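Source file: run.txt. Holds: compact mmCIF, C-alpha atoms.
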```
# COMPACT_ATOMS: atom_id res chain seq x y z
CA MET J 1 166.52 109.92 115.12
CA ALA J 2 169.89 110.21 113.38
CA SER J 3 172.88 108.72 115.20
CA THR J 4 174.84 111.92 114.50
CA ASP J 5 172.14 114.12 116.02
CA PHE J 6 173.07 113.80 119.69
CA LYS J 7 175.73 116.09 121.20
CA ASP J 8 177.93 114.61 123.93
CA TYR J 9 178.41 117.56 126.27
CA TYR J 10 180.66 115.55 128.58
CA ALA J 11 183.04 114.94 125.67
CA THR J 12 182.78 118.63 124.73
CA LEU J 13 184.13 119.60 128.16
CA GLY J 14 186.46 116.61 128.38
CA VAL J 15 184.97 115.19 131.58
CA SER J 16 183.41 111.88 132.54
CA LYS J 17 179.68 111.33 132.95
CA THR J 18 180.24 111.02 136.72
CA ALA J 19 182.14 114.30 136.98
CA SER J 20 181.30 116.53 139.93
CA GLN J 21 180.01 120.08 139.53
CA GLU J 22 183.42 121.41 140.56
CA GLU J 23 185.17 119.29 137.93
CA ILE J 24 182.74 120.49 135.27
CA LYS J 25 183.30 124.11 136.30
CA GLN J 26 187.09 123.78 136.21
CA ALA J 27 187.00 122.10 132.79
CA PHE J 28 184.72 124.80 131.44
CA ARG J 29 186.90 127.64 132.71
CA LYS J 30 190.02 126.11 131.22
CA LEU J 31 188.44 125.63 127.80
CA ALA J 32 186.66 128.98 127.87
CA ARG J 33 189.95 130.79 128.41
CA LYS J 34 191.56 128.85 125.57
CA TYR J 35 188.81 129.44 123.00
CA HIS J 36 187.48 132.79 124.13
CA PRO J 37 186.89 135.11 121.12
CA ASP J 38 188.92 137.87 122.77
CA VAL J 39 191.91 135.52 122.79
CA ASN J 40 191.20 134.34 119.21
CA PRO J 41 190.03 137.44 117.31
CA GLY J 42 188.64 136.62 113.88
CA ASN J 43 188.98 132.85 114.43
CA LYS J 44 185.59 131.42 113.43
CA GLN J 45 186.55 127.89 114.50
CA ALA J 46 187.49 129.06 117.99
CA GLU J 47 184.27 131.07 118.18
CA ALA J 48 182.20 128.00 117.24
CA ARG J 49 184.09 125.91 119.77
CA PHE J 50 183.48 128.54 122.44
CA LYS J 51 179.78 128.42 121.66
CA GLU J 52 179.76 124.61 122.05
CA ILE J 53 181.58 124.89 125.37
CA ASN J 54 179.12 127.47 126.69
CA GLU J 55 176.15 125.37 125.64
CA ALA J 56 177.60 122.26 127.26
CA TYR J 57 178.30 124.11 130.51
CA GLU J 58 174.85 125.70 130.55
CA VAL J 59 173.33 122.22 130.57
CA LEU J 60 175.76 120.31 132.79
CA SER J 61 176.16 123.04 135.43
CA ASP J 62 172.43 122.87 136.23
CA SER J 63 171.44 119.70 138.08
CA ASP J 64 167.89 119.59 136.68
CA LYS J 65 169.00 120.22 133.10
CA ARG J 66 171.81 117.69 133.49
CA LYS J 67 169.38 115.02 134.72
CA LYS J 68 167.04 115.52 131.77
CA TYR J 69 169.99 115.59 129.38
CA ASP J 70 171.28 112.28 130.77
CA GLN J 71 167.81 110.74 130.46
CA PHE J 72 167.53 111.96 126.88
CA GLY J 73 170.96 110.44 126.17
CA GLN J 74 169.65 107.06 127.29
CA TYR J 75 166.53 107.51 125.17
CA TRP J 76 168.61 108.54 122.14
CA LYS J 77 170.84 105.48 122.49
CA GLN J 78 167.87 103.13 122.52
CA ALA J 79 166.18 105.01 119.67
CA SER J 80 169.29 104.75 117.46
CA GLU J 81 169.86 101.05 118.29
CA GLY J 82 166.20 100.07 118.10
CA PHE J 83 163.98 99.71 121.15
CA PRO J 84 163.61 96.28 122.76
CA SER J 85 160.36 94.42 122.15
CA GLY J 86 158.79 95.81 125.30
CA GLY J 87 159.29 99.45 124.19
CA VAL J 88 161.57 101.88 125.97
CA GLY J 89 163.62 99.92 128.48
CA VAL J 90 165.05 102.85 130.44
CA ASP J 91 163.00 104.65 133.07
CA MET J 92 162.56 108.20 131.78
CA GLY J 93 160.97 109.47 134.96
CA GLY J 94 157.60 109.72 133.30
CA PHE J 95 158.90 112.15 130.66
CA ASP J 96 158.02 111.53 127.01
CA PHE J 97 161.14 112.22 124.96
CA SER J 98 159.50 110.87 121.80
CA GLN J 99 157.80 114.27 121.37
CA TYR J 100 161.12 115.68 120.09
CA GLY J 101 162.01 115.09 116.47
CA SER J 102 165.67 115.87 117.02
CA PHE J 103 168.25 116.67 119.66
CA ASP J 104 168.12 120.32 118.69
CA GLU J 105 164.39 120.44 119.48
CA PHE J 106 165.02 118.91 122.89
CA ILE J 107 167.94 121.15 123.79
CA SER J 108 166.19 124.31 122.55
CA GLU J 109 163.28 123.66 124.89
CA LEU J 110 165.60 122.64 127.74
CA LEU J 111 167.49 125.93 127.44
CA GLY J 112 164.35 128.01 126.88
CA ARG J 113 165.26 129.03 123.36
CA PHE J 114 161.75 129.86 122.29
CA GLY J 115 162.73 133.32 121.08
CA GLY J 116 166.06 132.34 119.43
CA THR J 117 169.36 130.79 120.42
CA ALA J 118 172.25 132.37 122.24
CA GLY J 119 175.50 132.72 120.32
CA ALA J 120 179.06 132.46 121.50
CA ARG J 121 179.19 136.20 121.98
CA GLY J 122 175.44 136.61 121.84
CA THR J 123 173.15 138.99 123.59
CA ARG J 124 170.58 137.98 126.18
CA GLN J 125 169.10 134.55 126.23
CA ALA J 126 165.45 134.81 125.19
CA TYR J 127 162.72 133.00 127.08
CA SER J 128 158.94 132.96 127.24
CA TYR J 129 157.50 132.45 130.70
CA SER J 130 153.97 131.66 131.83
CA THR J 131 152.91 133.59 134.90
CA SER J 132 150.25 133.63 137.57
CA ALA J 133 149.06 136.22 140.06
CA GLY J 134 151.35 136.60 143.08
CA SER J 135 151.48 138.38 146.39
CA ARG J 136 155.06 139.45 147.07
CA SER J 137 157.45 142.00 145.62
CA SER J 138 160.99 141.87 144.25
CA GLY J 139 163.76 144.01 142.80
CA PHE J 140 161.87 145.49 139.84
CA SER J 141 163.47 148.78 138.84
CA GLY J 142 160.89 150.23 136.48
CA PHE J 143 160.26 150.44 132.74
CA SER J 144 163.27 151.06 130.55
CA ASP J 145 164.72 150.63 127.09
CA PHE J 146 167.91 148.64 127.14
CA GLY J 147 170.77 148.02 124.78
CA THR J 148 172.72 144.90 123.92
CA GLN J 149 174.80 143.15 126.57
CA ASP J 150 177.89 141.20 125.51
CA VAL J 151 177.85 137.94 127.46
CA GLY J 152 181.03 136.59 125.94
CA SER J 153 183.29 138.85 127.94
CA ALA J 154 184.58 137.70 131.29
CA GLY J 155 183.71 141.02 132.89
CA ALA J 156 180.16 141.30 131.52
CA THR J 157 177.02 140.18 133.24
CA GLN J 158 174.85 137.55 131.59
CA ASP J 159 171.27 138.73 131.23
CA SER J 160 168.13 136.93 130.15
CA GLU J 161 165.01 138.21 128.46
CA ALA J 162 161.44 136.96 128.74
CA THR J 163 158.05 137.91 127.38
CA ILE J 164 155.22 138.42 129.85
CA THR J 165 151.61 138.70 128.67
CA LEU J 166 149.12 140.89 130.52
CA ASN J 167 145.50 141.77 129.95
CA PHE J 168 144.45 145.43 129.80
CA SER J 169 143.13 145.46 133.35
CA GLU J 170 146.37 144.08 134.81
CA ALA J 171 148.46 146.55 132.83
CA PHE J 172 146.25 149.54 133.70
CA HIS J 173 146.03 148.90 137.44
CA GLY J 174 149.37 147.14 137.97
CA VAL J 175 149.69 143.54 139.08
CA GLN J 176 151.89 141.12 141.01
CA LYS J 177 153.12 138.07 139.11
CA HIS J 178 155.02 134.84 139.66
CA ILE J 179 157.77 134.18 137.10
CA ASN J 180 158.87 130.55 136.99
CA LEU J 181 162.57 130.44 136.10
CA GLY J 182 162.83 126.68 136.47
CA SER J 183 165.17 126.63 139.46
CA GLU J 184 163.28 129.35 141.32
CA VAL J 185 160.08 131.37 141.29
CA VAL J 186 160.49 135.15 141.22
CA ASP J 187 157.72 137.40 142.53
CA ILE J 188 157.52 140.80 140.90
CA ARG J 189 155.24 143.81 141.04
CA ILE J 190 154.44 145.30 137.64
CA PRO J 191 153.41 148.93 138.13
CA ALA J 192 150.43 150.53 136.42
CA GLY J 193 150.97 151.74 132.87
CA ALA J 194 152.75 148.86 131.13
CA LYS J 195 152.11 148.63 127.38
CA THR J 196 153.15 146.30 124.58
CA GLY J 197 156.86 146.90 124.12
CA SER J 198 157.44 148.10 127.69
CA ARG J 199 160.55 146.54 129.20
CA LEU J 200 160.96 145.78 132.88
CA ARG J 201 164.26 145.07 134.56
CA VAL J 202 164.49 142.71 137.54
CA ARG J 203 167.95 143.04 139.02
CA GLY J 204 170.00 139.99 139.94
CA LYS J 205 167.59 137.37 138.52
CA GLY J 206 169.44 136.52 135.31
CA PRO J 207 171.89 133.66 134.67
CA VAL J 208 175.16 133.33 136.58
CA ASN J 209 178.26 134.54 134.75
CA PRO J 210 180.62 131.53 134.94
CA PHE J 211 183.67 133.80 135.05
CA THR J 212 182.60 136.22 137.79
CA GLN J 213 179.93 134.06 139.47
CA GLN J 214 177.69 137.16 139.47
CA ARG J 215 174.08 137.00 138.35
CA GLY J 216 172.87 139.15 135.51
CA ASP J 217 169.48 140.77 135.25
CA LEU J 218 166.15 139.50 134.00
CA TYR J 219 164.43 141.73 131.43
CA LEU J 220 160.70 141.31 130.87
CA LYS J 221 159.13 142.49 127.64
CA VAL J 222 155.42 143.20 127.99
CA GLU J 223 152.77 142.10 125.53
CA LEU J 224 149.13 143.08 126.00
CA GLN J 225 146.28 140.82 125.03
CA PRO J 226 143.87 142.54 122.61
CA HIS J 227 140.89 144.28 124.21
CA SER J 228 137.37 144.19 122.80
CA LEU J 229 137.09 148.02 122.82
CA PHE J 230 140.33 149.78 123.72
CA GLN J 231 143.52 150.05 121.70
CA PHE J 232 146.50 152.39 121.45
CA GLU J 233 147.46 155.13 119.04
CA GLY J 234 150.83 156.28 120.28
CA ASP J 235 150.41 157.22 123.93
CA ASN J 236 146.65 157.75 123.57
CA LEU J 237 144.02 155.21 124.53
CA VAL J 238 141.46 154.93 121.72
CA CYS J 239 137.95 153.50 121.49
CA GLU J 240 135.31 153.62 118.76
CA ILE J 241 131.82 154.70 119.80
CA PRO J 242 128.80 154.19 117.52
CA ILE J 243 126.17 156.91 117.20
CA THR J 244 122.96 157.14 115.17
CA PRO J 245 122.49 159.42 112.14
CA ASP J 246 120.14 161.72 114.07
CA GLU J 247 122.68 162.02 116.91
CA ALA J 248 125.31 162.98 114.34
CA VAL J 249 123.08 165.64 112.78
CA LEU J 250 121.49 167.09 115.89
CA GLY J 251 124.17 166.37 118.49
CA ALA J 252 123.62 164.32 121.64
CA SER J 253 124.93 163.38 125.07
CA VAL J 254 126.04 159.72 125.14
CA GLU J 255 127.55 157.39 127.73
CA VAL J 256 131.11 156.36 126.88
CA PRO J 257 133.31 153.71 128.61
CA THR J 258 136.64 154.78 130.10
CA PRO J 259 139.12 152.73 132.17
CA ASP J 260 137.47 154.21 135.27
CA GLY J 261 133.87 153.57 134.17
CA MET J 262 131.18 155.34 132.16
CA VAL J 263 131.25 159.10 131.55
CA THR J 264 128.84 161.38 129.69
CA VAL J 265 130.25 162.91 126.51
CA LYS J 266 128.59 165.65 124.45
CA ILE J 267 128.56 164.83 120.74
CA PRO J 268 128.57 168.10 118.76
CA ALA J 269 125.97 168.60 116.03
CA GLY J 270 127.32 167.81 112.57
CA VAL J 271 130.04 165.40 113.73
CA ARG J 272 131.51 163.19 111.02
CA SER J 273 132.18 159.48 111.10
CA GLY J 274 135.83 158.93 112.02
CA GLN J 275 136.13 162.24 113.84
CA SER J 276 137.88 162.01 117.23
CA LEU J 277 136.85 163.61 120.50
CA ARG J 278 139.44 163.94 123.27
CA LEU J 279 138.92 163.14 126.95
CA ARG J 280 141.90 164.71 128.68
CA GLY J 281 143.41 162.78 131.58
CA LYS J 282 141.17 159.75 131.02
CA GLY J 283 143.73 157.63 129.21
CA TRP J 284 146.63 155.36 130.16
CA PRO J 285 148.88 155.85 133.23
CA GLN J 286 152.13 157.57 132.30
CA PRO J 287 155.61 156.48 133.52
CA ARG J 288 156.26 159.88 135.14
CA GLY J 289 152.84 160.05 136.76
CA GLY J 290 149.45 161.28 135.66
CA ARG J 291 147.28 159.97 132.86
CA GLY J 292 147.31 160.35 129.12
CA ASP J 293 144.26 161.18 127.02
CA GLN J 294 141.49 158.96 125.72
CA LEU J 295 140.35 159.49 122.14
CA ILE J 296 136.79 158.67 121.14
CA LYS J 297 136.44 157.86 117.46
CA VAL J 298 132.88 158.45 116.25
CA ALA J 299 131.27 155.85 113.97
CA ILE J 300 127.91 156.80 112.47
CA VAL J 301 125.86 153.61 112.26
CA PRO J 302 122.65 153.53 110.18
CA PRO J 303 119.78 151.38 111.47
CA LYS J 304 119.40 147.95 109.90
CA ASP J 305 115.88 147.16 111.06
CA MET J 306 113.43 150.08 111.06
CA THR J 307 109.80 150.34 112.02
CA PRO J 308 107.36 151.41 109.30
CA GLN J 309 107.18 154.84 110.90
CA GLU J 310 110.97 155.24 110.90
CA GLN J 311 111.08 154.15 107.26
CA GLU J 312 108.38 156.74 106.41
CA TYR J 313 110.22 159.60 108.09
CA TYR J 314 113.55 158.73 106.46
CA GLU J 315 111.81 158.77 103.07
CA LYS J 316 110.24 162.15 103.85
CA LEU J 317 113.63 163.48 104.94
CA ARG J 318 115.17 162.31 101.67
CA ALA J 319 112.43 164.05 99.71
CA ILE J 320 112.98 167.42 101.35
CA ARG J 321 116.76 167.23 101.85
CA THR J 322 118.74 170.11 100.28
CA PHE J 323 122.25 169.06 101.35
CA ASN J 324 124.37 167.23 98.74
CA PRO J 325 127.68 166.00 100.19
CA ARG J 326 128.94 165.10 96.67
CA ALA J 327 128.35 168.44 95.03
CA ASN J 328 132.06 169.28 94.82
CA LEU J 329 132.80 166.03 92.96
CA GLN J 330 130.81 166.88 89.80
CA HIS J 331 133.63 168.39 87.72
CA ILE J 332 136.59 166.23 88.80
CA ARG J 333 138.40 164.62 85.82
CA LEU J 334 141.83 163.11 85.17
```

Step by step, read the file and then write its structure as structure tokens.
Amino acid sequence: MASTDFKDYYATLGVSKTASQEEIKQAFRKLARKYHPDVNPGNKQAEARFKEINEAYEVLSDSDKRKKYDQFGQYWKQASEGFPSGGVGVDMGGFDFSQYGSFDEFISELLGRFGGTAGARGTRQAYSYSTSAGSRSSGFSGFSDFGTQDVGSAGATQDSEATITLNFSEAFHGVQKHINLGSEVVDIRIPAGAKTGSRLRVRGKGPVNPFTQQRGDLYLKVELQPHSLFQFEGDNLVCEIPITPDEAVLGASVEVPTPDGMVTVKIPAGVRSGQSLRLRGKGWPQPRGGRGDQLIKVAIVPPKDMTPQEQEYYEKLRAIRTFNPRANLQHIRL
């Protein structure tokens, strides 16, 4: 690990390694006012310095992050000087810092920068949280699309963004989840009807704005795990249903899965492969109430293994067939 890789956040804020939280906060506020982009418009050096100050404060203002940072500093020092013969001489609290190839890798994971890093005047901090089923509710305010929040301004709230993965059943019925934010666990209720790209806002569960001491909001972006049968086309729930050639020619009544269970659907005679049939009100829950539609895409599937009798009848059918689906292609030229 390069000796120039490590960033001394204490030196960045101009405080000692034994500084109290109040001393760190005061140092941060003083430097933030000095290098704030609003005070130094167009000054790229001041903007970069402001970013460094914010990053340092984000680590040192959190006791858990500060502890891991201090332990990593001890590990880095030994790694750069060469470990003693017995290996790592400093107690790392059971944490393996050798898994990180650089300081940037360590700090990105410490700050939850799995979806990108936060800039000096960046938007939300991006995180990816693992979740588990929960049993309590919180301040969820519903699905919404949201714009960019400026977290560099003293008057703006500082929001965070996370991705939450649901299976189709959880998203269809609604589910309660635990979100582990590191310093706390937030319990939220996700209502029925979430889809990939849906955004949920949990008020007051984002980071603390160091200027106003007010907490921003936590935004959850939903991703759905793929389903073996169902998928989306716009707002419609879609599934592909196989039918036999005789069902396509003669028509049939077949059992079709829906989110609520099996229903009987009448396949019209002469249906084509790829044709869609609509089940109104059997689709996905809608944000304003009610259900969307479910589309059934027909796939005509020929038999692979036939009995001798089936083979005989198909051959007889071919011999007497009068329909030629390619008749209109005979005279096409370029």

### Task
Provide the CA of Lys67 in chain J to CA of Leu110 in chain J distance in Å, to one decimal place.
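Between CA of Lys67 in chain J and CA of Leu110 in chain J the gap works out to 11.0 Å.
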
Students should find that CA of Ala56 in chain J and CA of Phe28 in chain J are spaced 8.6 Å

- Query: Near Gly197 in chain J, within 7 Å and counting all atoms listed in the file, which residues show up once chain neighbours fewer than 6 positions away are dropped, as number ranges by chain?
  - Reply: J: 221-223

query = Between J:Lys25, J:Gln158, J:Asp293, J:Asp260, which one has atoms that come closest to Gly216 in chain J, using only C-alpha atoms?
reply =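 Checking each of J:Lys25, J:Gln158, J:Asp293, J:Asp260 against Gly216 in chain J, counting only C-alpha atoms, the winner is J:Gln158.
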
| query | What gap, in Å, lies between CA of Ile164 in chain J and CA of Leu220 in chain J? | reply |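 CA of Leu220 in chain J lies 6.3 Å from CA of Ile164 in chain J.
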
Query raised in the report: Need the neighbours of (168.3, 136.1, 136.4): which residues are at most 9 Å away, counting only C-alpha atoms, as a VMD selection string?
Result: chain J and resid 158 to 161 181 202 to 208 215 to 219

Go through range 204-258 of chain J and flag each residue having an atom no more than 10 Å from range 302-322 of chain J; for those, report the closest pair of atoms plus their distance in Å to one decimal, using only C-alpha atoms, ordered by chain and rising number, as a Markdown table.
```
| residue | atom | partner | partner_atom | distance |
| --- | --- | --- | --- | --- |
| J:Pro242 | CA | J:Pro302 | CA | 9.6 |
| J:Ile243 | CA | J:Pro302 | CA | 8.5 |
| J:Thr244 | CA | J:Pro302 | CA | 6.2 |
| J:Pro245 | CA | J:Pro302 | CA | 6.2 |
| J:Asp246 | CA | J:Pro302 | CA | 9.4 |
```

Exercise: Tyr10 in chain J partners within 9 Å, all atoms listed in the file, chain neighbours under 3 positions left out, as a PyMOL selection string = chain J and resi 7+13-17+19+24+56+60
